[in-house]
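Notes follow the structure.
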Amino acid sequence: MSIDMRQFHQVFFDEAAEHLGQIESLLVSIDLRRPDDEDLNAVFRAAHSIKGSAGTFGFSDMADITHVMENLLDAVRKGERALTADMVDACLAADDILRAQLAGHRQECQVDPAPAAAIIERLTRLLPAAPVGQAPAVAASADPLPVRESRGLQADVFDVRFVPEPAVAAQPTLQDNLLDELGRIGGVEIVYRPPPEADDARWWLKITTLMPADTLQGILDFMAAPGTVEISATDGGAPAGEETAYGFFDPLPDLPAAPVSVPAPQAPPREPAGEAKPAAGADTSIRIGVDKVDQMINLVGELVITQAMLLQSSQGLDPVLHERLLASLGQLQRNTRDLQASVMSVRMLPVSMVFSRFPRLVHDLSRKLGKQVELKTLGEHTELDKGLVERLADPLTHLIRNSLDHGIELPEARVAAGKAPSGLITLSASQQGGSIVVEVGDDGAGLDRARILAKARERGLPAPDSLSDEAVWALIFEPGFSTAEIVTEVSGRGVGMDVVRRSIHALGGRIDVKSIAGVGTRFTVRLPLTLAILDGLSVRVGSETYILPLGHVTESLQVSPDMIHSLSGEPRLIRLRGRYLPVVALHREFGVADGGTDWCAGIMVVVEVDGVQMALFVDELLGQHQVVIKSLETHFRRVKGFSGATILGDGRVAMILDLQALVAGARRLQSVAA
């Protein structure tokens, strides 16, 4: 019986993508002068794994490249060739082509073979010269499961040795599972296996098959961890010296005339209730489609809304007459919150999934620009919503390219300025309250204030010399703004920074920049932790209800007349503990006709956004709860002053305030008061 290998394609695609990412990461960070043996071995193993699995599934284009790449890496490992920058660049180029081939196989479409042929030739030129009379190694295309026809051919007999990690060496289920899988593949027969009581760090069995050795090795590497299974051809008898090397095995019995098939696996005996244990070596994770996760999150969001409606409806019930009902609703509320938190955690991913692409970018671009640049990453394990992870990549790419091209100086310029010839770009992530803060900093020349002001005036922008540094730096985010004197493929066309700001704002975030001449520049991006759930404070303004992001609320209070200060005859500020805070009256901001106007009769909610404090004047505080965010752009259109909407427990729609937009007006009031 033969097995349909197409059912394993998705597993191969995922694992190959992980191996390619590992190859790129290790090659970019490798030290050419003193390459680490473990890093070289890891790159070699990753290439070997891709080659074996690709050959097994019939993806010969990938097997051909990784075969030559494996030979080159093996020569470096053995000391036959010294590792050079050309080798690293060639392997990185091969990694790119393998990614393109992998994407083509995922989509079941043809990939241009020309780049593959070119990279194979490039890698082959870097191989050590073959001895006289010996042809250089050439990649052989592998067909899927090329089991040879049995027309008079003698089956090969192989020794298969298992070399598991010490921690799992005494777990025979690992060997049993692999034997079961082998038993389901056509053309493989187990002719001998050691007795069950033999448990050493290495296992051994003998199989016979019509498959070539390379194909069998590829299958074994795919089924088990690469490097844990070794095969060698035998003449059918026990290898010489086997009794000494593996003395825990009994002598081989006389082999039967015909191969003995592995029996079908028997159903395991039922464990007593409460004593079930996971199988040794069992996976502790599963792969699941993003669409299923999104559907689950949407359903939980609807459940949260329904629970809030039930809680709202129960407010008027007599707690004595309906004690059990109210207790059940309280339990439902707790369970819903726990379920919501668990489901949201499924969608959270480490920001390293974005950061991992930038070492390669810095490596390639710094070589192109003739600069020496080191990339340092911090906080890679910080988690944020998958939707944010995917949409954060492009803005960060723009920022890092900007630091490389405009920030970091050429080595000779850095030395002349008393700096090290190699520049440093720092990429960091951290969680601060309900926000994720991502920073891109460099130790370059810093922003040129005079040049930015001059360029702004050329474009007709208001740019007096009295502008603060913060206002001057903000000019670089204007559409079409660029101070580059030469247009290159890297920068200079005035596109990028305005796109960065729009992208960050679209995610509900904000970007700020600080710079010191000769010291460096730092871009700070603040994003919400998730795009789906919000801890909010509901407030009433007239007949309207608004939601404030709770992470920005610092306090609430009622003011007295002596705390109120006017500008141009109108109350605009309150004095709180020696500081003047600008006030945004929401009834005026959003045109709520029946909203209160007496500041002493309402409530001031103090919020802080990006280091700026302001007070929001509302009529009443209604409560604190989690809300499910509904996108306005998806269901309606973007509305100034609001970042989204939610459905309340009574079925009404409440708008979620965009505090970043409101704080812009507050900054102006604060500067006037100062």
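Chain identifiers are assigned as A, B, and so on, following the order in which chains appear in the structure tokens; residues are numbered from 1 within each chain, and ligands are numbered from 1 in order of appearance.
Every protein, DNA or RNA residue with an atom at most 8 Å from Met563 of chain A, where only C-alpha atoms count and chain neighbours fewer than 5 positions away do not, is listed here: Ile574, Arg575 and Leu576 of chain A.
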Same residues, C-alpha atoms, saved as a JSON list (two decimals), in the first residue's frame:
```json
[["chain", "number", "residue", "atom", "x", "y", "z"],
["A", 574, "ILE", "CA", -8.58, 74.15, 35.06],
["A", 575, "ARG", "CA", -5.83, 74.46, 37.65],
["A", 576, "LEU", "CA", -5.05, 71.11, 39.24]]
```
All strand (DSSP E) residues (DSSP, backbone) inside segment 324-410 of chain A, as number ranges by chain: A: 348-350, 373-378, 383-385
Go ahead and write the selection's residues with N, CA and C atoms as a PDB file, in the first residue's frame.
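Now in result_19.pdb:
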```pdb
ATOM      1  N   MET A 348      -2.648  36.442  19.989  1.00  0.00           N
ATOM      2  CA  MET A 348      -1.464  37.248  20.312  1.00  0.00           C
ATOM      3  C   MET A 348      -0.203  36.538  19.810  1.00  0.00           C
ATOM      4  N   LEU A 349       0.656  37.292  19.149  1.00  0.00           N
ATOM      5  CA  LEU A 349       1.892  36.753  18.603  1.00  0.00           C
ATOM      6  C   LEU A 349       3.073  37.597  19.077  1.00  0.00           C
ATOM      7  N   PRO A 350       4.246  36.978  19.228  1.00  0.00           N
ATOM      8  CA  PRO A 350       5.425  37.776  19.620  1.00  0.00           C
ATOM      9  C   PRO A 350       5.839  38.709  18.501  1.00  0.00           C
ATOM     10  N   VAL A 373      26.816  48.805   9.926  1.00  0.00           N
ATOM     11  CA  VAL A 373      25.679  49.005  10.817  1.00  0.00           C
ATOM     12  C   VAL A 373      25.384  47.714  11.566  1.00  0.00           C
ATOM     13  N   GLU A 374      25.159  47.847  12.856  1.00  0.00           N
ATOM     14  CA  GLU A 374      24.747  46.722  13.702  1.00  0.00           C
ATOM     15  C   GLU A 374      23.309  46.963  14.146  1.00  0.00           C
ATOM     16  N   LEU A 375      22.497  45.922  14.084  1.00  0.00           N
ATOM     17  CA  LEU A 375      21.106  46.005  14.533  1.00  0.00           C
ATOM     18  C   LEU A 375      20.978  45.279  15.866  1.00  0.00           C
ATOM     19  N   LYS A 376      20.437  45.970  16.867  1.00  0.00           N
ATOM     20  CA  LYS A 376      20.210  45.388  18.182  1.00  0.00           C
ATOM     21  C   LYS A 376      18.715  45.373  18.453  1.00  0.00           C
ATOM     22  N   THR A 377      18.180  44.214  18.810  1.00  0.00           N
ATOM     23  CA  THR A 377      16.744  44.092  19.083  1.00  0.00           C
ATOM     24  C   THR A 377      16.519  43.782  20.554  1.00  0.00           C
ATOM     25  N   LEU A 378      15.479  44.368  21.111  1.00  0.00           N
ATOM     26  CA  LEU A 378      15.114  44.176  22.516  1.00  0.00           C
ATOM     27  C   LEU A 378      13.607  43.928  22.604  1.00  0.00           C
ATOM     28  N   GLU A 383       4.165  40.521  23.172  1.00  0.00           N
ATOM     29  CA  GLU A 383       3.081  40.011  22.331  1.00  0.00           C
ATOM     30  C   GLU A 383       2.089  41.109  21.991  1.00  0.00           C
ATOM     31  N   LEU A 384       1.560  41.027  20.779  1.00  0.00           N
ATOM     32  CA  LEU A 384       0.487  41.923  20.367  1.00  0.00           C
ATOM     33  C   LEU A 384      -0.392  41.197  19.360  1.00  0.00           C
ATOM     34  N   ASP A 385      -1.506  41.825  19.051  1.00  0.00           N
ATOM     35  CA  ASP A 385      -2.501  41.216  18.190  1.00  0.00           C
ATOM     36  C   ASP A 385      -1.924  40.870  16.818  1.00  0.00           C
TER      37      ASP A 385
END
```
So which residues touch Pro464 of chain A within 10 Å, counting only C-alpha atoms, skipping near sequence neighbours fewer than 5 positions away, as a ChimeraX atom specification? /A:453-454,456-457,472
Please provide as a PyMOL selection string all residues within 10 Å of Leu310 of chain A, with the sequence filter that same-chain residues fewer than 4 positions apart are discarded (counting only C-alpha atoms). chain A and resi 304-306+314-315+329+332-333+649-650
Could you give me, as a list in words, the residues within 12 Å of Val513 of chain A, counting only C-alpha atoms and dropping anything in the same chain fewer than 5 positions from it?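 Here the qualifying residues turn out to be Leu399, Val438, Glu439, Val440, Gly441, Asp442, Gly446, Leu447, Asp469, Glu470, Ala471, Val472, Trp473, Ala474, Leu475, Ile476, Phe477, Met497, Arg501, Gly520, Thr521, Arg522, Phe523, Thr524, Val525, Arg526 and Asp610 of chain A.
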In Å, with one decimal, what is the gap from atom CA of Val293 of chain A to atom CA of Ser356 of chain A? 23.7 Å
Please identify all polymer residues within 12 Å of Leu299 of chain A, counting only C-alpha atoms, omitting same-chain residues fewer than 2 positions from it, and present them as a ChimeraX atom specification. /A:292-297,301-306,336,339-340,343-344,532,628
So that I can check the surroundings of segment 48-53 of chain A, please list as an NGL selection string every protein, DNA and RNA residue that reaches within 7 Å of it, counting only C-alpha atoms and ignoring chain neighbours fewer than 2 positions away. :A and (16 or 44-46 or 55-57 or 62-63 or 66-67 or 70 or 217-219 or 221-222 or 226)
Counting only C-alpha atoms, which of A:Ser366, A:Ser515, A:Ser468, A:Ser428 gets nearest to Val351 of chain A? A:Ser428
